[in-house]
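Text of target_39.pdb, listed as PDB, C-alpha atoms:
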MODEL        1
ATOM      1  CA  MET W   1     -15.962   4.665  15.019
ATOM      2  CA  PRO W   2     -12.557   6.000  16.116
ATOM      3  CA  ALA W   3     -11.530   9.629  16.042
ATOM      4  CA  GLY W   4     -10.179  10.759  12.727
ATOM      5  CA  VAL W   5     -12.711   8.823  10.680
ATOM      6  CA  GLY W   6     -14.782  11.447   8.874
ATOM      7  CA  GLU W   7     -18.030  11.289   6.963
ATOM      8  CA  SER W   8     -16.140  10.777   3.692
ATOM      9  CA  VAL W   9     -15.076   7.337   4.918
ATOM     10  CA  CYS W  10     -17.730   4.660   5.342
ATOM     11  CA  VAL W  11     -16.388   1.664   7.262
ATOM     12  CA  ALA W  12     -18.538  -1.455   7.568
ATOM     13  CA  SER W  13     -16.697  -2.762  10.630
ATOM     14  CA  GLN W  14     -13.399  -2.348  12.470
ATOM     15  CA  GLY W  15     -11.383  -4.177  15.052
ATOM     16  CA  THR W  16      -7.947  -5.054  16.360
ATOM     17  CA  VAL W  17      -5.888  -8.222  16.484
ATOM     18  CA  GLU W  18      -3.505  -8.792  19.372
ATOM     19  CA  ARG W  19      -0.025  -9.869  18.374
ATOM     20  CA  PRO W  20       2.975 -11.013  20.462
ATOM     21  CA  GLU W  21       3.861  -8.852  23.463
ATOM     22  CA  GLY W  22       0.419  -7.257  23.392
ATOM     23  CA  ARG W  23       1.019  -5.341  20.169
ATOM     24  CA  LEU W  24      -2.224  -4.407  18.374
ATOM     25  CA  VAL W  25      -2.963  -4.410  14.651
ATOM     26  CA  ALA W  26      -6.002  -2.355  13.634
ATOM     27  CA  TRP W  27      -8.121  -3.415  10.663
ATOM     28  CA  ALA W  28     -11.181  -2.165   8.799
ATOM     29  CA  ALA W  29     -13.657  -4.049   6.613
ATOM     30  CA  TRP W  30     -15.624  -2.666   3.697
ATOM     31  CA  GLY W  31     -18.377  -4.001   1.468
ATOM     32  CA  GLU W  32     -20.324  -7.227   1.882
ATOM     33  CA  PRO W  33     -19.667  -9.113   5.161
ATOM     34  CA  ALA W  34     -20.137 -12.459   3.392
ATOM     35  CA  GLY W  35     -18.540 -11.269   0.150
ATOM     36  CA  ARG W  36     -15.493 -12.535  -1.669
ATOM     37  CA  PRO W  37     -12.445 -11.828   0.549
ATOM     38  CA  LEU W  38      -9.699  -9.437  -0.552
ATOM     39  CA  LEU W  39      -6.920  -8.107   1.684
ATOM     40  CA  GLN W  40      -5.543  -4.747   0.515
ATOM     41  CA  LEU W  41      -2.255  -3.289   1.764
ATOM     42  CA  HIS W  42      -2.095   0.498   1.898
ATOM     43  CA  GLY W  43       0.529   2.824   0.471
ATOM     44  CA  THR W  44       3.406   4.665   2.141
ATOM     45  CA  PRO W  45       2.428   6.662   4.099
ATOM     46  CA  GLY W  46      -1.180   5.624   4.650
ATOM     47  CA  SER W  47      -3.575   3.716   6.852
ATOM     48  CA  ARG W  48      -6.424   1.242   6.880
ATOM     49  CA  LEU W  49      -8.693   4.059   5.634
ATOM     50  CA  GLY W  50      -7.064   3.865   2.205
ATOM     51  CA  CYS W  51     -10.145   2.372   0.572
ATOM     52  CA  SER W  52     -11.861   2.961  -2.746
ATOM     53  CA  PRO W  53     -13.204   6.464  -3.413
ATOM     54  CA  ASP W  54     -16.132   4.667  -5.115
ATOM     55  CA  ARG W  55     -18.464   3.877  -2.213
ATOM     56  CA  GLY W  56     -20.517   1.301  -4.099
ATOM     57  CA  LEU W  57     -17.620  -0.612  -5.639
ATOM     58  CA  TYR W  58     -17.327  -3.438  -3.127
ATOM     59  CA  GLN W  59     -21.054  -4.118  -3.163
ATOM     60  CA  ARG W  60     -21.074  -4.293  -6.966
ATOM     61  CA  LEU W  61     -18.235  -6.807  -6.808
ATOM     62  CA  ASN W  62     -19.787  -8.805  -3.941
ATOM     63  CA  ALA W  63     -16.519  -8.276  -2.098
ATOM     64  CA  GLN W  64     -15.430  -7.904   1.484
ATOM     65  CA  LEU W  65     -12.279  -5.823   1.343
ATOM     66  CA  VAL W  66     -10.157  -5.606   4.474
ATOM     67  CA  THR W  67      -7.324  -3.202   5.144
ATOM     68  CA  PHE W  68      -5.054  -2.897   8.175
ATOM     69  CA  ASP W  69      -2.608  -0.391   9.624
ATOM     70  CA  ARG W  70       1.013  -1.442   9.426
ATOM     71  CA  PRO W  71       2.889  -0.945  12.733
ATOM     72  CA  GLY W  72       2.980   2.671  13.876
ATOM     73  CA  TYR W  73       0.299   3.858  11.478
ATOM     74  CA  GLY W  74      -3.232   4.703  12.615
ATOM     75  CA  ARG W  75      -4.292   2.553  15.550
ATOM     76  CA  SER W  76      -1.627  -0.137  15.230
ATOM     77  CA  SER W  77       1.124  -0.316  17.842
ATOM     78  CA  VAL W  78       4.592   0.897  16.985
ATOM     79  CA  GLN W  79       7.158  -1.817  16.222
ATOM     80  CA  ARG W  80      10.515  -0.204  15.508
ATOM     81  CA  ASP W  81      12.176  -3.457  14.451
ATOM     82  CA  ARG W  82       9.380  -4.436  12.061
ATOM     83  CA  THR W  83      10.275  -5.922   8.689
ATOM     84  CA  ILE W  84       8.381  -6.514   5.481
ATOM     85  CA  LEU W  85       8.089 -10.191   6.359
ATOM     86  CA  SER W  86       6.861  -9.467   9.894
ATOM     87  CA  VAL W  87       4.058  -7.389   8.373
ATOM     88  CA  ALA W  88       3.136 -10.429   6.289
ATOM     89  CA  GLU W  89       2.719 -12.326   9.558
ATOM     90  CA  ASP W  90       0.405  -9.554  10.801
ATOM     91  CA  ALA W  91      -1.594  -9.826   7.578
ATOM     92  CA  VAL W  92      -2.171 -13.536   8.046
ATOM     93  CA  ALA W  93      -3.156 -12.928  11.682
ATOM     94  CA  VAL W  94      -5.824 -10.480  10.495
ATOM     95  CA  ALA W  95      -7.102 -13.021   7.959
ATOM     96  CA  ASP W  96      -7.207 -15.676  10.695
ATOM     97  CA  ALA W  97      -9.200 -13.369  12.973
ATOM     98  CA  LEU W  98     -11.737 -12.856  10.185
ATOM     99  CA  GLY W  99     -12.034 -16.603   9.615
ATOM    100  CA  TRP W 100     -10.606 -16.424   6.110
ATOM    101  CA  ASP W 101      -8.970 -19.531   4.667
ATOM    102  CA  ARG W 102      -7.951 -18.369   1.201
ATOM    103  CA  PHE W 103      -8.192 -14.800  -0.045
ATOM    104  CA  SER W 104      -6.986 -12.400  -2.714
ATOM    105  CA  VAL W 105      -4.230  -9.898  -1.923
ATOM    106  CA  LEU W 106      -3.631  -6.471  -3.467
ATOM    107  CA  GLY W 107      -0.651  -4.322  -2.498
ATOM    108  CA  VAL W 108      -0.835  -0.639  -3.446
ATOM    109  CA  SER W 109       2.327   1.476  -3.785
ATOM    110  CA  GLY W 110       4.346   0.833  -0.592
ATOM    111  CA  GLY W 111       1.980  -2.037   0.138
ATOM    112  CA  GLY W 112       3.249  -3.903  -2.925
ATOM    113  CA  PRO W 113       6.354  -5.448  -1.335
ATOM    114  CA  HIS W 114       4.276  -6.476   1.678
ATOM    115  CA  ALA W 115       1.821  -8.245  -0.636
ATOM    116  CA  LEU W 116       4.725 -10.161  -2.171
ATOM    117  CA  ALA W 117       5.894 -11.033   1.344
ATOM    118  CA  ILE W 118       2.535 -12.653   2.116
ATOM    119  CA  ALA W 119       3.072 -14.868  -0.921
ATOM    120  CA  VAL W 120       6.433 -15.900   0.557
ATOM    121  CA  HIS W 121       5.150 -16.372   4.101
ATOM    122  CA  ALA W 122       1.849 -18.111   3.355
ATOM    123  CA  PRO W 123       1.458 -18.929  -0.351
ATOM    124  CA  GLU W 124      -1.146 -21.584   0.400
ATOM    125  CA  ARG W 125      -3.508 -18.869   1.671
ATOM    126  CA  ILE W 126      -3.474 -16.752  -1.494
ATOM    127  CA  SER W 127      -6.024 -17.325  -4.237
ATOM    128  CA  ALA W 128      -4.869 -14.321  -6.319
ATOM    129  CA  LEU W 129      -2.040 -11.807  -5.939
ATOM    130  CA  GLY W 130      -1.894  -8.304  -7.348
ATOM    131  CA  ILE W 131       0.261  -5.183  -7.177
ATOM    132  CA  ALA W 132      -0.986  -1.730  -8.149
ATOM    133  CA  VAL W 133       1.814   0.820  -8.657
ATOM    134  CA  GLY W 134       3.881  -1.147  -6.137
ATOM    135  CA  ALA W 135       7.331  -0.223  -4.886
ATOM    136  CA  THR W 136      10.367  -2.092  -6.158
ATOM    137  CA  PRO W 137      13.649  -3.145  -4.509
ATOM    138  CA  ALA W 138      15.745  -0.008  -3.951
ATOM    139  CA  GLU W 139      18.778  -1.452  -5.710
ATOM    140  CA  LEU W 140      16.814  -1.704  -8.980
ATOM    141  CA  VAL W 141      15.682   1.928  -8.952
ATOM    142  CA  ASP W 142      16.905   4.629 -11.324
ATOM    143  CA  PRO W 143      16.607   7.662  -9.005
ATOM    144  CA  GLU W 144      16.272  10.045 -11.946
ATOM    145  CA  GLU W 145      12.865   8.499 -12.639
ATOM    146  CA  LEU W 146      11.508   9.496  -9.196
ATOM    147  CA  ILE W 147       9.799  12.548  -7.747
ATOM    148  CA  ALA W 148      12.064  14.585  -5.479
ATOM    149  CA  ILE W 149      10.883  13.309  -2.081
ATOM    150  CA  ASN W 150      11.277   9.652  -3.063
ATOM    151  CA  ARG W 151      14.635  10.301  -4.701
ATOM    152  CA  GLU W 152      16.073  12.059  -1.639
ATOM    153  CA  ALA W 153      14.570   9.566   0.826
ATOM    154  CA  ARG W 154      16.165   6.707  -1.116
ATOM    155  CA  ARG W 155      19.541   8.493  -1.183
ATOM    156  CA  ARG W 156      19.529   9.188   2.528
ATOM    157  CA  ALA W 157      18.505   5.646   3.426
ATOM    158  CA  LEU W 158      21.161   4.048   1.226
ATOM    159  CA  GLU W 159      24.010   6.523   1.743
ATOM    160  CA  GLU W 160      23.511   8.092   5.177
ATOM    161  CA  GLY W 161      21.359   5.715   7.212
ATOM    162  CA  ARG W 162      18.202   5.641   9.246
ATOM    163  CA  ALA W 163      18.714   8.806  11.299
ATOM    164  CA  SER W 164      19.233  10.897   8.168
ATOM    165  CA  LEU W 165      16.145   9.420   6.526
ATOM    166  CA  GLU W 166      14.010  10.226   9.572
ATOM    167  CA  GLU W 167      15.425  13.755   9.769
ATOM    168  CA  PHE W 168      14.389  14.312   6.147
ATOM    169  CA  LEU W 169      10.874  12.912   6.634
ATOM    170  CA  ALA W 170      10.212  14.734   9.925
ATOM    171  CA  GLU W 171       8.965  17.993   8.402
ATOM    172  CA  PRO W 172       6.458  16.491   5.922
ATOM    173  CA  ALA W 173       5.375  14.056   8.652
ATOM    174  CA  ALA W 174       4.533  16.939  10.977
ATOM    175  CA  GLN W 175       2.637  18.648   8.168
ATOM    176  CA  ALA W 176       0.760  15.441   7.325
ATOM    177  CA  ALA W 177      -0.513  15.227  10.878
ATOM    178  CA  SER W 178      -1.857  18.802  10.848
ATOM    179  CA  ASP W 179      -2.760  19.427   7.191
ATOM    180  CA  PRO W 180      -2.671  16.229   5.099
ATOM    181  CA  GLY W 181      -4.118  17.928   2.035
ATOM    182  CA  ALA W 182      -1.296  20.457   1.976
ATOM    183  CA  VAL W 183       1.380  17.793   2.306
ATOM    184  CA  LEU W 184      -0.180  15.830  -0.556
ATOM    185  CA  ASP W 185       0.076  18.880  -2.780
ATOM    186  CA  SER W 186       3.615  19.582  -1.611
ATOM    187  CA  VAL W 187       5.130  16.131  -2.103
ATOM    188  CA  MET W 188       3.372  15.675  -5.444
ATOM    189  CA  ALA W 189       4.361  19.118  -6.748
ATOM    190  CA  ASP W 190       6.795  17.620  -9.271
ATOM    191  CA  ALA W 191       4.580  14.632 -10.109
ATOM    192  CA  PRO W 192       3.110  14.405 -13.627
ATOM    193  CA  PRO W 193       0.207  16.799 -14.318
ATOM    194  CA  VAL W 194      -2.174  13.839 -14.568
ATOM    195  CA  ASP W 195      -1.471  12.973 -10.908
ATOM    196  CA  ARG W 196      -1.918  16.565  -9.775
ATOM    197  CA  GLU W 197      -5.261  16.586 -11.566
ATOM    198  CA  MET W 198      -6.277  13.349  -9.833
ATOM    199  CA  LEU W 199      -5.539  15.031  -6.496
ATOM    200  CA  LYS W 200      -8.169  17.655  -7.365
ATOM    201  CA  ARG W 201     -10.938  15.058  -7.666
ATOM    202  CA  PRO W 202     -13.044  15.497  -4.500
ATOM    203  CA  ASP W 203     -13.612  11.764  -3.988
ATOM    204  CA  VAL W 204      -9.945  10.818  -4.422
ATOM    205  CA  ARG W 205      -8.725  13.722  -2.310
ATOM    206  CA  ALA W 206     -11.162  12.989   0.528
ATOM    207  CA  MET W 207     -10.023   9.367   0.685
ATOM    208  CA  LEU W 208      -6.305  10.238   0.630
ATOM    209  CA  VAL W 209      -6.690  12.997   3.234
ATOM    210  CA  ALA W 210      -8.627  10.674   5.575
ATOM    211  CA  SER W 211      -6.049   7.923   5.141
ATOM    212  CA  LEU W 212      -3.126  10.253   5.823
ATOM    213  CA  ARG W 213      -4.753  11.941   8.807
ATOM    214  CA  GLU W 214      -5.450   8.570  10.398
ATOM    215  CA  GLY W 215      -2.016   7.249   9.400
ATOM    216  CA  PHE W 216      -0.296   9.911  11.509
ATOM    217  CA  ALA W 217      -2.693   9.692  14.471
ATOM    218  CA  ASN W 218      -0.018   7.625  16.235
ATOM    219  CA  GLY W 219       2.820   9.988  15.283
ATOM    220  CA  PRO W 220       5.414   9.685  12.493
ATOM    221  CA  LEU W 221       7.058   6.373  13.406
ATOM    222  CA  GLY W 222       4.884   4.293  11.094
ATOM    223  CA  TRP W 223       6.151   6.254   8.098
ATOM    224  CA  PHE W 224       9.726   6.306   9.345
ATOM    225  CA  ASP W 225       9.828   2.539   9.862
ATOM    226  CA  ASP W 226       7.916   1.756   6.672
ATOM    227  CA  SER W 227      10.287   3.876   4.592
ATOM    228  CA  TRP W 228      13.329   2.304   6.207
ATOM    229  CA  ALA W 229      12.066  -1.230   5.608
ATOM    230  CA  LEU W 230      11.238  -0.481   1.974
ATOM    231  CA  SER W 231      14.643   1.117   1.360
ATOM    232  CA  ASN W 232      16.588  -1.878   2.605
ATOM    233  CA  THR W 233      16.798  -5.555   1.726
ATOM    234  CA  TRP W 234      13.280  -6.937   1.921
ATOM    235  CA  GLY W 235      14.296 -10.153   3.648
ATOM    236  CA  PHE W 236      13.362 -12.440   0.763
ATOM    237  CA  GLU W 237      14.345 -12.956  -2.856
ATOM    238  CA  LEU W 238      11.843 -12.153  -5.588
ATOM    239  CA  GLY W 239      12.273 -15.706  -6.825
ATOM    240  CA  GLN W 240      10.735 -16.935  -3.561
ATOM    241  CA  VAL W 241       7.377 -15.455  -4.580
ATOM    242  CA  VAL W 242       5.753 -18.569  -6.025
ATOM    243  CA  SER W 243       2.293 -17.100  -6.630
ATOM    244  CA  PRO W 244       1.617 -15.636 -10.087
ATOM    245  CA  VAL W 245       1.415 -11.846  -9.830
ATOM    246  CA  HIS W 246      -0.900  -9.425 -11.643
ATOM    247  CA  MET W 247       0.748  -6.007 -11.966
ATOM    248  CA  TRP W 248      -0.683  -2.594 -12.872
ATOM    249  CA  TYR W 249       1.390   0.578 -13.314
ATOM    250  CA  GLY W 250       0.902   4.016 -14.846
ATOM    251  CA  GLU W 251       2.898   4.929 -17.925
ATOM    252  CA  LEU W 252       3.752   8.361 -16.474
ATOM    253  CA  ASP W 253       4.266   7.301 -12.837
ATOM    254  CA  ARG W 254       7.226   8.981 -11.127
ATOM    255  CA  ASN W 255       6.553   7.720  -7.609
ATOM    256  CA  VAL W 256       8.075   4.443  -8.760
ATOM    257  CA  SER W 257      10.810   3.694 -11.302
ATOM    258  CA  LEU W 258       9.330   1.945 -14.336
ATOM    259  CA  SER W 259      12.710   0.549 -15.378
ATOM    260  CA  ALA W 260      12.865  -1.024 -11.908
ATOM    261  CA  VAL W 261       9.344  -2.405 -12.406
ATOM    262  CA  GLN W 262      10.476  -4.193 -15.555
ATOM    263  CA  ALA W 263      13.542  -5.537 -13.758
ATOM    264  CA  MET W 264      11.403  -6.745 -10.844
ATOM    265  CA  ALA W 265       8.895  -8.358 -13.190
ATOM    266  CA  SER W 266      11.677 -10.339 -14.857
ATOM    267  CA  GLN W 267      12.275 -12.078 -11.511
ATOM    268  CA  LEU W 268       8.619 -12.816 -10.710
ATOM    269  CA  ASP W 269       6.058 -15.261 -12.068
ATOM    270  CA  VAL W 270       4.003 -12.586 -13.826
ATOM    271  CA  ALA W 271       0.409 -13.479 -14.641
ATOM    272  CA  SER W 272      -0.085 -10.079 -16.283
ATOM    273  CA  LEU W 273       1.704  -6.723 -16.428
ATOM    274  CA  GLU W 274      -0.272  -3.731 -17.625
ATOM    275  CA  ILE W 275       1.280  -0.317 -18.147
ATOM    276  CA  ILE W 276      -1.774   1.959 -18.228
ATOM    277  CA  PRO W 277      -1.374   4.563 -21.011
ATOM    278  CA  GLY W 278      -1.370   8.180 -19.844
ATOM    279  CA  ALA W 279      -1.745   7.264 -16.167
ATOM    280  CA  GLY W 280       0.384   8.358 -13.234
ATOM    281  CA  HIS W 281       0.680   6.917  -9.749
ATOM    282  CA  LEU W 282      -2.991   7.498  -8.952
ATOM    283  CA  GLY W 283      -4.309   6.511 -12.357
ATOM    284  CA  TRP W 284      -4.924   2.888 -11.420
ATOM    285  CA  LEU W 285      -7.924   4.140  -9.399
ATOM    286  CA  THR W 286      -9.759   4.883 -12.649
ATOM    287  CA  HIS W 287      -9.384   1.159 -13.421
ATOM    288  CA  GLU W 288      -9.965  -0.034  -9.863
ATOM    289  CA  GLU W 289     -13.113  -2.033 -10.565
ATOM    290  CA  ARG W 290     -11.359  -3.993 -13.302
ATOM    291  CA  VAL W 291      -8.287  -4.531 -11.115
ATOM    292  CA  LEU W 292     -10.293  -5.909  -8.205
ATOM    293  CA  ARG W 293     -12.517  -7.986 -10.459
ATOM    294  CA  THR W 294      -9.444  -9.639 -12.001
ATOM    295  CA  LEU W 295      -8.338 -10.819  -8.566
ATOM    296  CA  LEU W 296     -11.760 -11.702  -7.183
ATOM    297  CA  ASP W 297     -12.721 -13.751 -10.227
ATOM    298  CA  GLN W 298      -9.645 -15.865  -9.568
ATOM    299  CA  THR W 299     -10.866 -16.337  -6.009
ATOM    300  CA  ASP W 300     -14.047 -17.840  -7.455
ATOM    301  CA  ALA W 301     -12.040 -20.111  -9.747
ATOM    302  CA  ALA W 302      -9.857 -21.293  -6.857
ATOM    303  CA  SER W 303     -12.787 -22.128  -4.569
TER     304      SER W 303
ENDMDL
END

Write the structure described by the file as structure tokens, please.
Amino acid sequence: MPAGVGESVCVASQGTVERPEGRLVAWAAWGEPAGRPLLQLHGTPGSRLGCSPDRGLYQRLNAQLVTFDRPGYGRSSVQRDRTILSVAEDAVAVADALGWDRFSVLGVSGGGPHALAIAVHAPERISALGIAVGATPAELVDPEELIAINREARRRALEEGRASLEEFLAEPAAQAASDPGAVLDSVMADAPPVDREMLKRPDVRAMLVASLREGFANGPLGWFDDSWALSNTWGFELGQVVSPVHMWYGELDRNVSLSAVQAMASQLDVASLEIIPGAGHLGWLTHEERVLRTLLDQTDAAS
């Protein structure tokens, strides 16, 4: 078990996949080794340790859930020119290494666009596709609907460029490496009260702190490059996502723009769109078992 993985995180197995030019992608597997396969893409910032705070969930669902570090996060090599579509290629490489043919995909927060990219890159591999509180194209966003850090990061990326964005993120990135709990509280200070209450739950907080600490083990470049990729053109049109998408968002979420969610949904083949009453950005976790079951049951139907 690598450094940075504490007792609050219980990983069934871990490994790396070698990509072109010797670049490594680190992954972690949770739950039943022969269970129903689900690939989950972590938020921004985050790491492969962004798993369920409910330790028994994957066993109850007979699921093998796999996560992986996007470039620069955790134990994955830095790739400064990475794109959302290149991460989709990494995702398929991880699935290949695990011997998966078809599998469900769930993108969480900043992982949402990357989940959509997998459906563009390899739609034949996806048995079910879901997004939980996923990011939207920057051009659709109403910045007044966002918490301060996301609003300013978007402005800098769109108006001032990459160097300005990285300058803005440098201070919270340094804090995340040394005290991830404090940076969580800081960046979510103007989030809805329901999200600040979720951050006080010991199980949720332990998972998020472990994920952040591991995410910055390689330095800040994973977050810098992730944020830049998400703030720019994704490299594909939403209409190219041919897989039906299940979508879950919190009614009170201010980490994403709900007007942008509706605009994005109008360009996707939406299997379902649920706005969870009274929930914020973290509220989907209280419905996590139902979310995962929705996707995994489709895996059964597709097999």

Tell me, counting all atoms listed in the file, for each residue of segment 183-241 of chain W within 7 Å of segment 264-268 of chain W, which pair of atoms is nearest and how far apart they are in Å to one decimal, in rows ordered by chain and increasing number, as JSON lines.
{"residue": "W:Leu238", "atom": "CA", "partner": "W:Gln267", "partner_atom": "CA", "distance": 5.9}
{"residue": "W:Gly239", "atom": "CA", "partner": "W:Gln267", "partner_atom": "CA", "distance": 5.9}
{"residue": "W:Val241", "atom": "CA", "partner": "W:Leu268", "partner_atom": "CA", "distance": 6.8}

Would you put the residues from that selection into a file with C-alpha atoms, as a short mmCIF file (atom, residue, chain, number, x, y, z; two decimals), in the coordinates of the input?
data_model
loop_
_atom_site.label_atom_id
_atom_site.label_comp_id
_atom_site.auth_asym_id
_atom_site.auth_seq_id
_atom_site.Cartn_x
_atom_site.Cartn_y
_atom_site.Cartn_z
CA LEU W 238 11.84 -12.15 -5.59
CA GLY W 239 12.27 -15.71 -6.82
CA VAL W 241 7.38 -15.46 -4.58
#

Non-local contacts of segment 141-156 of chain W (6 Å; only C-alpha atoms; under 2 positions in same chain excluded) as a compact mmCIF listing (two decimals) with C-alpha atoms, in the frame of the given file:
# COMPACT_ATOMS: atom_id res chain seq x y z
CA ALA W 138 15.74 -0.01 -3.95
CA GLU W 139 18.78 -1.45 -5.71
CA LEU W 158 21.16 4.05 1.23
CA GLU W 159 24.01 6.52 1.74
CA GLU W 160 23.51 8.09 5.18
CA SER W 164 19.23 10.90 8.17
CA LEU W 165 16.14 9.42 6.53
CA ARG W 254 7.23 8.98 -11.13
CA ASN W 255 6.55 7.72 -7.61
CA SER W 257 10.81 3.69 -11.30
CA ALA W 260 12.86 -1.02 -11.91

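A straight line drawn from atom CA of Ser13 of chain W to atom CA of Gly215 of chain W is 17.8 Å long.
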
From (-11.0, -8.6, -1.4), in the file's coordinates, out to 8 Å: which residues are reached, counting all atoms listed in the file? Answer as a PyMOL selection string. chain W and resi 36-40+63-66+103-106+292+295-296

Selection result of the PyMOL selection byres ((chain W and resi 183) around 12) on this file, as number ranges by chain: W: 45, 149, 169, 171-182, 184-189, 199, 205, 208-209, 212-213

Got a sec to resolve the PyMOL selection byres ((chain W and resi 19-24) around 10) on this structure and send the residues as a ChimeraX atom specification? /W:15-18,25-27,69-72,75-79,89-90,93-94

Can you spell out as an NGL selection string the set of residues that the PyMOL selection byres ((chain W and resi 49) around 7) selects in the structure I just provided? :W and (47-48 or 50-51 or 210-211)

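In this model, the gap between atom CA of Gln59 of chain W and atom CA of Arg196 of chain W comes to 28.9 Å.
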
Given the choices W:Gly112, W:Gly130, W:Gly278, W:Pro137, which gets closest to Arg290 of chain W if the distance is worked out from only C-alpha atoms?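 Of all the options, W:Gly130 lies closest to Arg290 of chain W.
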